[in-house]
file protein.txt (compact mmCIF, C-alpha atoms)
# COMPACT_ATOMS: atom_id res chain seq x y z
CA MET A 163 67.84 -4.58 3.31
CA VAL A 164 68.01 -2.79 -0.03
CA GLU A 165 67.87 -6.14 -1.78
CA LYS A 166 64.71 -7.09 0.13
CA MET A 167 63.05 -3.81 -0.79
CA LYS A 168 63.83 -4.43 -4.43
CA ASN A 169 62.12 -7.78 -4.22
CA ILE A 170 58.88 -6.25 -2.90
CA ARG A 171 56.46 -6.08 -5.83
CA LYS A 172 54.72 -2.78 -6.31
CA PRO A 173 50.92 -2.99 -6.92
CA ARG A 174 50.23 -2.88 -10.65
CA ALA A 175 47.87 -0.14 -11.84
CA PHE A 176 45.13 -0.74 -14.42
CA THR A 177 46.15 0.01 -17.95
CA LEU A 178 44.06 2.31 -20.11
CA ILE A 179 42.86 -0.65 -22.18
CA GLU A 180 41.75 -2.54 -19.05
CA LEU A 181 39.83 0.51 -17.80
CA LEU A 182 38.12 0.88 -21.19
CA VAL A 183 37.15 -2.81 -21.11
CA VAL A 184 35.64 -2.42 -17.61
CA ILE A 185 33.74 0.70 -18.64
CA SER A 186 32.43 -1.09 -21.73
CA ILE A 187 31.24 -4.04 -19.66
CA LEU A 188 29.50 -1.71 -17.18
CA GLY A 189 27.85 0.09 -20.11
CA ILE A 190 26.55 -3.19 -21.52
CA LEU A 191 25.21 -4.24 -18.10
CA MET A 192 23.45 -0.90 -17.65
CA GLY A 193 21.95 -1.26 -21.10
CA ILE A 194 20.55 -4.65 -20.11
CA VAL A 195 19.56 -3.98 -16.49
CA GLY A 196 18.72 -0.26 -16.69
CA PRO A 197 15.54 -0.54 -18.79
CA LYS A 198 14.30 -3.40 -16.60
CA VAL A 199 14.78 -1.30 -13.47
CA ILE A 200 12.96 1.62 -15.10
CA ASP A 201 10.14 -0.68 -16.21
CA LEU A 202 9.91 -2.06 -12.67
CA LEU A 203 9.68 1.41 -11.14
CA THR A 204 7.21 2.58 -13.78
CA GLY A 205 5.12 -0.55 -13.29
CA SER A 206 5.06 0.13 -9.57
CA GLU A 207 3.81 3.68 -10.15
CA LYS A 208 1.13 2.44 -12.55
CA THR A 209 -0.01 -0.19 -10.05
CA LYS A 210 -0.18 2.45 -7.32
CA MET A 211 -2.16 4.82 -9.55
CA GLN A 212 -4.55 2.07 -10.59
CA ALA A 213 -5.16 1.26 -6.91
CA ILE A 214 -5.95 4.93 -6.27
CA PHE A 215 -8.39 5.00 -9.21
CA ARG A 216 -10.18 1.88 -8.02
CA GLY A 217 -10.44 3.36 -4.55
CA TRP A 218 -12.06 6.48 -5.99
CA VAL A 219 -14.46 4.35 -8.03
CA SER A 220 -15.46 2.43 -4.90
CA GLN A 221 -16.12 5.65 -2.96
CA LEU A 222 -18.18 7.13 -5.80
CA HIS A 223 -20.34 4.01 -5.61
CA GLN A 224 -20.75 4.64 -1.87
CA TYR A 225 -21.72 8.22 -2.64
CA ARG A 226 -24.41 7.00 -5.02
CA SER A 227 -25.68 4.46 -2.50
CA HIS A 228 -26.02 7.22 0.11
CA TYR A 229 -27.52 10.02 -2.00
CA GLY A 230 -29.19 7.97 -4.73
CA TYR A 231 -27.28 9.72 -7.49
CA PHE A 232 -23.73 10.45 -8.56
CA PRO A 233 -22.11 13.84 -7.79
CA PRO A 234 -23.80 16.49 -9.95
CA PHE A 235 -20.55 17.66 -11.55
CA LEU A 236 -20.23 14.24 -13.21
CA LEU A 237 -23.53 14.78 -14.99
CA GLU A 238 -22.49 17.95 -16.79
CA GLU A 239 -21.22 16.09 -19.84
CA GLU A 240 -23.17 13.63 -21.99
CA GLU A 241 -22.55 9.96 -21.24
CA GLY A 242 -19.42 8.77 -22.99
CA ILE A 243 -17.64 12.13 -22.80
CA PRO A 244 -15.10 12.24 -19.95
CA VAL A 245 -15.14 14.79 -17.16
CA GLU A 246 -11.57 16.02 -16.69
CA LEU A 247 -10.05 16.84 -13.30
CA LYS A 248 -7.65 19.39 -14.80
CA GLU A 249 -10.34 22.07 -14.49
CA ASN A 250 -9.96 23.75 -11.08
CA GLU A 251 -13.68 23.76 -10.35
CA VAL A 252 -14.04 20.10 -11.30
CA HIS A 253 -11.00 19.19 -9.20
CA GLU A 254 -12.55 20.92 -6.19
CA ASP A 255 -15.98 19.37 -6.76
CA PHE A 256 -14.44 15.90 -6.97
CA ILE A 257 -12.66 16.29 -3.64
CA ILE A 258 -15.75 17.75 -1.98
CA SER A 259 -17.86 14.87 -3.27
CA LEU A 260 -15.63 12.25 -1.65
CA LYS A 261 -14.30 14.10 1.39
CA GLY A 262 -17.18 16.36 2.38
CA LYS A 263 -14.71 19.21 2.71
CA LYS A 264 -12.73 21.30 0.24
CA TRP A 265 -8.96 21.34 0.08
CA SER A 266 -7.22 24.70 0.11
CA VAL A 267 -4.06 24.52 -1.98
CA GLY A 268 -3.00 27.89 -0.55
CA THR A 269 -3.25 27.03 3.15
CA GLY A 270 -2.84 23.28 2.85
CA GLU A 271 -5.87 22.69 5.07
CA TRP A 272 -9.35 21.21 4.84
CA GLU A 273 -12.17 23.74 4.88
CA SER A 274 -15.95 23.63 5.16
CA THR A 275 -17.89 23.51 1.90
CA ASP A 276 -20.75 25.63 3.26
CA GLY A 277 -23.28 23.08 2.05
CA SER A 278 -21.96 22.48 -1.47
CA VAL A 279 -24.48 20.84 -3.80
CA GLN A 280 -21.82 18.24 -4.56
CA ASN A 281 -22.05 16.86 -1.00
CA PRO A 282 -24.78 18.74 0.88
CA GLN A 283 -24.43 16.66 4.08
CA GLU A 284 -20.63 17.05 4.02
CA ARG A 285 -20.37 13.30 4.44
CA GLU A 286 -16.91 11.74 4.19
CA PHE A 287 -16.75 8.79 1.79
CA HIS A 288 -13.01 8.84 1.31
CA SER A 289 -10.12 9.93 3.49
CA PHE A 290 -7.45 11.24 1.13
CA SER A 291 -3.87 10.35 2.01
CA ASP A 292 -0.72 12.38 1.39
CA ASP A 293 0.22 9.92 -1.37
CA GLU A 294 -2.80 11.06 -3.35
CA PHE A 295 -1.56 14.65 -3.58
CA GLY A 296 1.30 15.94 -5.67
CA VAL A 297 3.83 18.65 -4.82
CA ASN A 298 1.53 21.23 -6.43
CA GLY A 299 -1.12 20.57 -3.79
CA LYS A 300 -3.46 18.91 -6.28
CA LEU A 301 -4.36 15.26 -6.72
CA VAL A 302 -1.65 13.23 -8.43
CA GLY A 303 -2.17 13.05 -12.17
CA SER A 304 -5.15 15.40 -11.94
CA GLN A 305 -4.09 17.24 -15.10
CA ASN A 306 -4.73 14.07 -17.08
CA VAL A 307 -7.36 12.12 -15.11
CA LYS A 308 -10.70 11.51 -16.81
CA ILE A 309 -13.93 10.18 -15.26
CA LEU A 310 -17.07 8.73 -16.85
CA ILE A 311 -20.26 7.39 -15.29
CA ASP A 312 -23.27 5.38 -16.39
CA GLN A 313 -25.86 8.13 -16.62
CA ASN A 314 -28.88 6.22 -17.93
CA GLY A 315 -28.62 3.38 -15.40
CA ASP A 316 -28.28 0.53 -17.90
CA GLY A 317 -25.04 -0.69 -16.32
CA ILE A 318 -22.97 0.23 -19.39
CA ILE A 319 -20.87 3.28 -20.17
CA GLU A 320 -20.72 3.78 -23.93
CA LEU A 321 -17.60 5.74 -24.81
CA ASP A 322 -17.92 8.33 -27.53
CA GLY A 323 -15.93 7.73 -30.72
CA SER A 324 -13.30 10.37 -29.96
CA THR A 325 -12.55 8.84 -26.55
CA VAL A 326 -12.26 5.35 -28.06
CA GLU A 327 -9.75 6.55 -30.64
CA GLN A 328 -7.72 8.43 -28.04
CA ILE A 329 -7.47 5.32 -25.86
CA ILE A 330 -6.55 3.01 -28.74
CA ASP A 331 -3.98 5.48 -30.03
CA SER A 332 -2.40 5.67 -26.57
CA LEU A 333 -2.38 1.87 -26.28
CA SER A 334 0.05 1.78 -29.21
CA LEU A 335 2.72 2.42 -26.56
CA ASP A 336 1.98 -0.96 -24.98
CA PHE A 337 0.65 -3.10 -27.84
CA SER A 338 1.59 -3.77 -31.45
CA SER A 339 -0.41 -2.39 -34.36
CA ALA A 340 -1.45 -5.95 -35.24
CA GLU A 341 -2.93 -6.44 -31.78
CA LEU A 342 -4.74 -3.10 -31.91
CA GLN A 343 -6.21 -3.84 -35.33
CA LYS A 344 -7.92 -6.91 -33.90
CA ILE A 345 -9.95 -4.80 -31.47
CA ASP A 346 -13.68 -4.72 -32.13
CA ARG A 347 -14.32 -1.02 -31.56
CA LYS A 348 -18.03 -1.56 -31.02
CA LEU A 349 -17.38 -3.94 -28.13
CA PHE A 350 -14.44 -1.89 -26.90
CA SER A 351 -16.62 1.22 -26.57
CA LYS A 352 -19.10 -0.50 -24.23
CA VAL A 353 -17.70 -0.70 -20.71
CA HIS A 354 -19.80 -2.77 -18.32
CA GLU A 355 -19.22 -0.51 -15.33
CA LYS A 356 -21.07 2.32 -13.63
CA VAL A 357 -17.94 4.41 -12.98
CA ILE A 358 -14.59 4.38 -14.76
CA ILE A 359 -11.47 6.49 -14.32
CA PHE A 360 -8.43 6.58 -16.56
CA LEU A 361 -5.22 8.40 -17.41
CA LEU A 362 -3.54 8.10 -20.81
CA GLU A 363 -0.27 9.92 -20.18
CA ASP A 364 1.38 11.85 -17.39
CA ASN A 365 4.92 13.09 -18.01
CA ASP A 366 5.40 14.24 -14.43
CA LEU A 367 4.64 10.77 -13.07
CA GLY A 368 6.31 9.04 -15.99
CA ILE A 369 3.37 6.68 -16.54
CA ASN A 370 0.76 6.06 -19.21
CA ASN A 371 -2.37 4.02 -19.82
CA VAL A 372 -3.77 3.53 -16.32
CA PHE A 373 -7.36 2.29 -16.26
CA SER A 374 -9.71 1.42 -13.41
CA TRP A 375 -11.33 -1.31 -15.51
CA ASN A 376 -9.88 -4.37 -17.25
CA LEU A 377 -8.63 -3.70 -20.77
CA GLU A 378 -6.35 -6.73 -20.89
CA LYS A 379 -9.25 -8.98 -21.94
CA TYR A 380 -9.21 -7.39 -25.39
CA PHE A 381 -5.68 -8.68 -25.94
CA GLU A 382 -5.95 -12.20 -24.53
call {"tool": "encode", "arguments": {"input": "protein.txt", "output": "structure tokens"}}
result
Amino acid sequence: MVEKMKNIRKPRAFTLIELLVVISILGILMGIVGPKVIDLLTGSEKTKMQAIFRGWVSQLHQYRSHYGYFPPFLLEEEEGIPVELKENEVHEDFIISLKGKKWSVGTGEWESTDGSVQNPQEREFHSFSDDEFGVNGKLVGSQNVKILIDQNGDGIIELDGSTVEQIIDSLSLDFSSAELQKIDRKLFSKVHEKVIIFLLEDNDLGINNVFSWNLEKYFE
């Protein structure tokens, strides 16, 4: 019996060297796969944000079709200078324009606008979903979202020089300097749209360079 027990082989434990080899291999795999997973998740967030922007653009067109003009708050800046949602009043006016009601961050409920000039008939053009609001009760990315409209009705939004440079500088995260140098700034500044929305960087969402219009054509 004792002899049989001696013949039973005990399971061999990993040596320190073997463990280090396994850890090294896992580290290499994470170095290869990790960035791709992050890029995939980031790309998904960018795609989602772009879809939200394009939805807002569509509803602003519906607003204009109904009232005959764009929401008044979008006319406060000269054409080519973005209106930024980070301002509390602008943020509220934007929601009122599309929803016909104002959103109370404090109570987390929709409230009457009392005939706001931004949407005097309190007509609903867009039904905001939970996905469009962040944990702070404001629209996702609102601290960095910018909106421009075609004010003179020529079908073109001409970006001011400062906005063009800001966009191109931000695009350096996605494109090489050689590719950016090929851009014709004069053509780049003329966007053949009536409404555009964009976000250059949002650290909370972990995304950058989200545009409602097609910028890829400048790099084809």
call {"tool": "residues_around", "arguments": {"input": "protein.txt", "residues": "region 295-306 of chain A", "least_positions_apart": "3", "cutoff": "10 Å", "atoms": "all atoms listed in the file", "output": "list of chain:residue names"}}
result
A:Met211, A:Ile214, A:Glu246, A:Leu247, A:Lys248, A:Glu249, A:Asn250, A:His253, A:Glu254, A:Ile257, A:Trp265, A:Ser266, A:Val267, A:Gly268, A:Thr269, A:Gly270, A:Phe290, A:Ser291, A:Asp292, A:Phe360, A:Leu361, A:Leu362, A:Glu363, A:Asp364, A:Asn365, A:Asp366, A:Leu367, A:Ile369, A:Asn370
call {"tool": "residues_around", "arguments": {"input": "protein.txt", "residues": "Arg285 (chain A)", "least_positions_apart": "3", "cutoff": "7 Å", "atoms": "all atoms listed in the file", "output": "list in words"}}
result
Lys261, Gly262 and Asn281 of chain A
call {"tool": "residues_around", "arguments": {"input": "protein.txt", "residues": "Gln283 (chain A)", "least_positions_apart": "6", "cutoff": "12 Å", "atoms": "only C-alpha atoms", "output": "PyMOL selection string"}}
result
chain A and resi 225+228-229+258-263+274-277
call {"tool": "atom_distance", "arguments": {"input": "protein.txt", "atom1": "CA of Gly368 (chain A)", "atom2": "CA of Asp336 (chain A)"}}
result
14.1 Å
call {"tool": "atom_distance", "arguments": {"input": "protein.txt", "atom1": "CA of Gly242 (chain A)", "atom2": "CA of Tyr380 (chain A)"}}
result
19.3 Å
call {"tool": "atom_distance", "arguments": {"input": "protein.txt", "atom1": "CA of Phe235 (chain A)", "atom2": "CA of Glu251 (chain A)"}}
result
9.3 Å
call {"tool": "closest_residue", "arguments": {"input": "protein.txt", "among": "A:Ile311, A:Leu377, A:Ala213, A:Ala340", "to": "Asp293 (chain A)", "atoms": "only C-alpha atoms"}}
result
A:Ala213
call {"tool": "closest_residue", "arguments": {"input": "protein.txt", "among": "A:Lys379, A:Lys308, A:Lys208, A:His223", "to": "Glu355 (chain A)", "atoms": "all atoms listed in the file"}}
result
A:His223
call {"tool": "closest_residue", "arguments": {"input": "protein.txt", "among": "A:Ile318, A:Pro234, A:Lys348, A:Phe337", "to": "Ser278 (chain A)", "atoms": "all atoms listed in the file"}}
result
A:Pro234
call {"tool": "closest_residue", "arguments": {"input": "protein.txt", "among": "A:Asp346, A:Glu327, A:Glu294, A:Glu378", "to": "Lys210 (chain A)", "atoms": "all atoms listed in the file"}}
result
A:Glu294
call {"tool": "closest_residue", "arguments": {"input": "protein.txt", "among": "A:Gln212, A:Gln313, A:Thr325, A:Asn376", "to": "Ile243 (chain A)", "atoms": "all atoms listed in the file"}}
result
A:Thr325
call {"tool": "closest_residue", "arguments": {"input": "protein.txt", "among": "A:Asp255, A:Glu341, A:Glu286, A:Glu240", "to": "Leu321 (chain A)", "atoms": "all atoms listed in the file"}}
result
A:Glu240
call {"tool": "decode", "arguments": {"input": "protein.txt", "residues": "region 274-303 of chain A", "atoms": "N, CA and C atoms", "output": "PDB file, in the first residue's frame"}}
result
ATOM      1  N   SER A 274     -43.807  73.092 -18.475  1.00  0.00           N
ATOM      2  CA  SER A 274     -44.311  74.000 -19.504  1.00  0.00           C
ATOM      3  C   SER A 274     -43.335  75.153 -19.706  1.00  0.00           C
ATOM      4  N   THR A 275     -43.290  75.648 -20.936  1.00  0.00           N
ATOM      5  CA  THR A 275     -42.387  76.764 -21.242  1.00  0.00           C
ATOM      6  C   THR A 275     -43.063  78.115 -21.067  1.00  0.00           C
ATOM      7  N   ASP A 276     -44.369  78.090 -20.824  1.00  0.00           N
ATOM      8  CA  ASP A 276     -45.141  79.342 -20.690  1.00  0.00           C
ATOM      9  C   ASP A 276     -45.007  80.211 -21.938  1.00  0.00           C
ATOM     10  N   GLY A 277     -45.070  79.555 -23.099  1.00  0.00           N
ATOM     11  CA  GLY A 277     -45.049  80.291 -24.360  1.00  0.00           C
ATOM     12  C   GLY A 277     -43.701  80.876 -24.720  1.00  0.00           C
ATOM     13  N   SER A 278     -42.640  80.123 -24.520  1.00  0.00           N
ATOM     14  CA  SER A 278     -41.295  80.603 -24.855  1.00  0.00           C
ATOM     15  C   SER A 278     -41.209  80.991 -26.323  1.00  0.00           C
ATOM     16  N   VAL A 279     -40.483  82.071 -26.613  1.00  0.00           N
ATOM     17  CA  VAL A 279     -40.309  82.536 -27.983  1.00  0.00           C
ATOM     18  C   VAL A 279     -39.591  81.492 -28.827  1.00  0.00           C
ATOM     19  N   GLN A 280     -38.855  80.595 -28.179  1.00  0.00           N
ATOM     20  CA  GLN A 280     -38.126  79.568 -28.922  1.00  0.00           C
ATOM     21  C   GLN A 280     -39.062  78.539 -29.558  1.00  0.00           C
ATOM     22  N   ASN A 281     -40.240  78.349 -28.973  1.00  0.00           N
ATOM     23  CA  ASN A 281     -41.214  77.393 -29.495  1.00  0.00           C
ATOM     24  C   ASN A 281     -42.583  77.808 -28.989  1.00  0.00           C
ATOM     25  N   PRO A 282     -43.114  78.907 -29.516  1.00  0.00           N
ATOM     26  CA  PRO A 282     -44.340  79.516 -28.977  1.00  0.00           C
ATOM     27  C   PRO A 282     -45.559  78.589 -28.957  1.00  0.00           C
ATOM     28  N   GLN A 283     -45.632  77.639 -29.880  1.00  0.00           N
ATOM     29  CA  GLN A 283     -46.768  76.704 -29.905  1.00  0.00           C
ATOM     30  C   GLN A 283     -46.514  75.452 -29.064  1.00  0.00           C
ATOM     31  N   GLU A 284     -45.348  75.397 -28.432  1.00  0.00           N
ATOM     32  CA  GLU A 284     -44.941  74.242 -27.624  1.00  0.00           C
ATOM     33  C   GLU A 284     -45.103  72.934 -28.413  1.00  0.00           C
ATOM     34  N   ARG A 285     -44.736  72.995 -29.672  1.00  0.00           N
ATOM     35  CA  ARG A 285     -44.834  71.825 -30.542  1.00  0.00           C
ATOM     36  C   ARG A 285     -43.636  70.895 -30.313  1.00  0.00           C
ATOM     37  N   GLU A 286     -43.889  69.599 -30.291  1.00  0.00           N
ATOM     38  CA  GLU A 286     -42.814  68.632 -30.098  1.00  0.00           C
ATOM     39  C   GLU A 286     -42.295  68.150 -31.449  1.00  0.00           C
ATOM     40  N   PHE A 287     -41.028  68.453 -31.715  1.00  0.00           N
ATOM     41  CA  PHE A 287     -40.362  67.991 -32.934  1.00  0.00           C
ATOM     42  C   PHE A 287     -39.474  66.790 -32.659  1.00  0.00           C
ATOM     43  N   HIS A 288     -39.079  66.664 -31.409  1.00  0.00           N
ATOM     44  CA  HIS A 288     -38.157  65.578 -31.054  1.00  0.00           C
ATOM     45  C   HIS A 288     -38.484  65.065 -29.657  1.00  0.00           C
ATOM     46  N   SER A 289     -38.552  63.752 -29.530  1.00  0.00           N
ATOM     47  CA  SER A 289     -38.786  63.140 -28.225  1.00  0.00           C
ATOM     48  C   SER A 289     -37.447  62.640 -27.681  1.00  0.00           C
ATOM     49  N   PHE A 290     -36.881  63.368 -26.761  1.00  0.00           N
ATOM     50  CA  PHE A 290     -35.574  63.016 -26.213  1.00  0.00           C
ATOM     51  C   PHE A 290     -35.636  61.702 -25.443  1.00  0.00           C
ATOM     52  N   SER A 291     -34.629  60.863 -25.646  1.00  0.00           N
ATOM     53  CA  SER A 291     -34.546  59.596 -24.924  1.00  0.00           C
ATOM     54  C   SER A 291     -33.569  59.720 -23.766  1.00  0.00           C
ATOM     55  N   ASP A 292     -33.601  58.737 -22.870  1.00  0.00           N
ATOM     56  CA  ASP A 292     -32.683  58.745 -21.726  1.00  0.00           C
ATOM     57  C   ASP A 292     -31.228  58.731 -22.186  1.00  0.00           C
ATOM     58  N   ASP A 293     -30.969  58.073 -23.321  1.00  0.00           N
ATOM     59  CA  ASP A 293     -29.601  57.976 -23.825  1.00  0.00           C
ATOM     60  C   ASP A 293     -29.020  59.334 -24.206  1.00  0.00           C
ATOM     61  N   GLU A 294     -29.897  60.306 -24.405  1.00  0.00           N
ATOM     62  CA  GLU A 294     -29.424  61.623 -24.825  1.00  0.00           C
ATOM     63  C   GLU A 294     -29.065  62.524 -23.652  1.00  0.00           C
ATOM     64  N   PHE A 295     -29.295  62.027 -22.436  1.00  0.00           N
ATOM     65  CA  PHE A 295     -28.966  62.798 -21.238  1.00  0.00           C
ATOM     66  C   PHE A 295     -27.865  62.122 -20.447  1.00  0.00           C
ATOM     67  N   GLY A 296     -26.971  62.937 -19.895  1.00  0.00           N
ATOM     68  CA  GLY A 296     -25.888  62.408 -19.080  1.00  0.00           C
ATOM     69  C   GLY A 296     -26.297  62.309 -17.625  1.00  0.00           C
ATOM     70  N   VAL A 297     -25.377  61.875 -16.777  1.00  0.00           N
ATOM     71  CA  VAL A 297     -25.673  61.710 -15.355  1.00  0.00           C
ATOM     72  C   VAL A 297     -25.898  63.053 -14.659  1.00  0.00           C
ATOM     73  N   ASN A 298     -25.432  64.133 -15.293  1.00  0.00           N
ATOM     74  CA  ASN A 298     -25.610  65.465 -14.699  1.00  0.00           C
ATOM     75  C   ASN A 298     -26.969  66.071 -15.043  1.00  0.00           C
ATOM     76  N   GLY A 299     -27.793  65.314 -15.771  1.00  0.00           N
ATOM     77  CA  GLY A 299     -29.124  65.812 -16.113  1.00  0.00           C
ATOM     78  C   GLY A 299     -29.154  66.679 -17.354  1.00  0.00           C
ATOM     79  N   LYS A 300     -27.980  66.890 -17.965  1.00  0.00           N
ATOM     80  CA  LYS A 300     -27.909  67.676 -19.194  1.00  0.00           C
ATOM     81  C   LYS A 300     -27.650  66.769 -20.388  1.00  0.00           C
ATOM     82  N   LEU A 301     -27.840  67.304 -21.577  1.00  0.00           N
ATOM     83  CA  LEU A 301     -27.619  66.523 -22.786  1.00  0.00           C
ATOM     84  C   LEU A 301     -26.177  66.038 -22.856  1.00  0.00           C
ATOM     85  N   VAL A 302     -25.986  64.818 -23.332  1.00  0.00           N
ATOM     86  CA  VAL A 302     -24.638  64.256 -23.408  1.00  0.00           C
ATOM     87  C   VAL A 302     -23.750  65.141 -24.289  1.00  0.00           C
ATOM     88  N   GLY A 303     -22.557  65.400 -23.787  1.00  0.00           N
ATOM     89  CA  GLY A 303     -21.604  66.202 -24.548  1.00  0.00           C
ATOM     90  C   GLY A 303     -21.935  67.667 -24.643  1.00  0.00           C
TER      91      GLY A 303
END
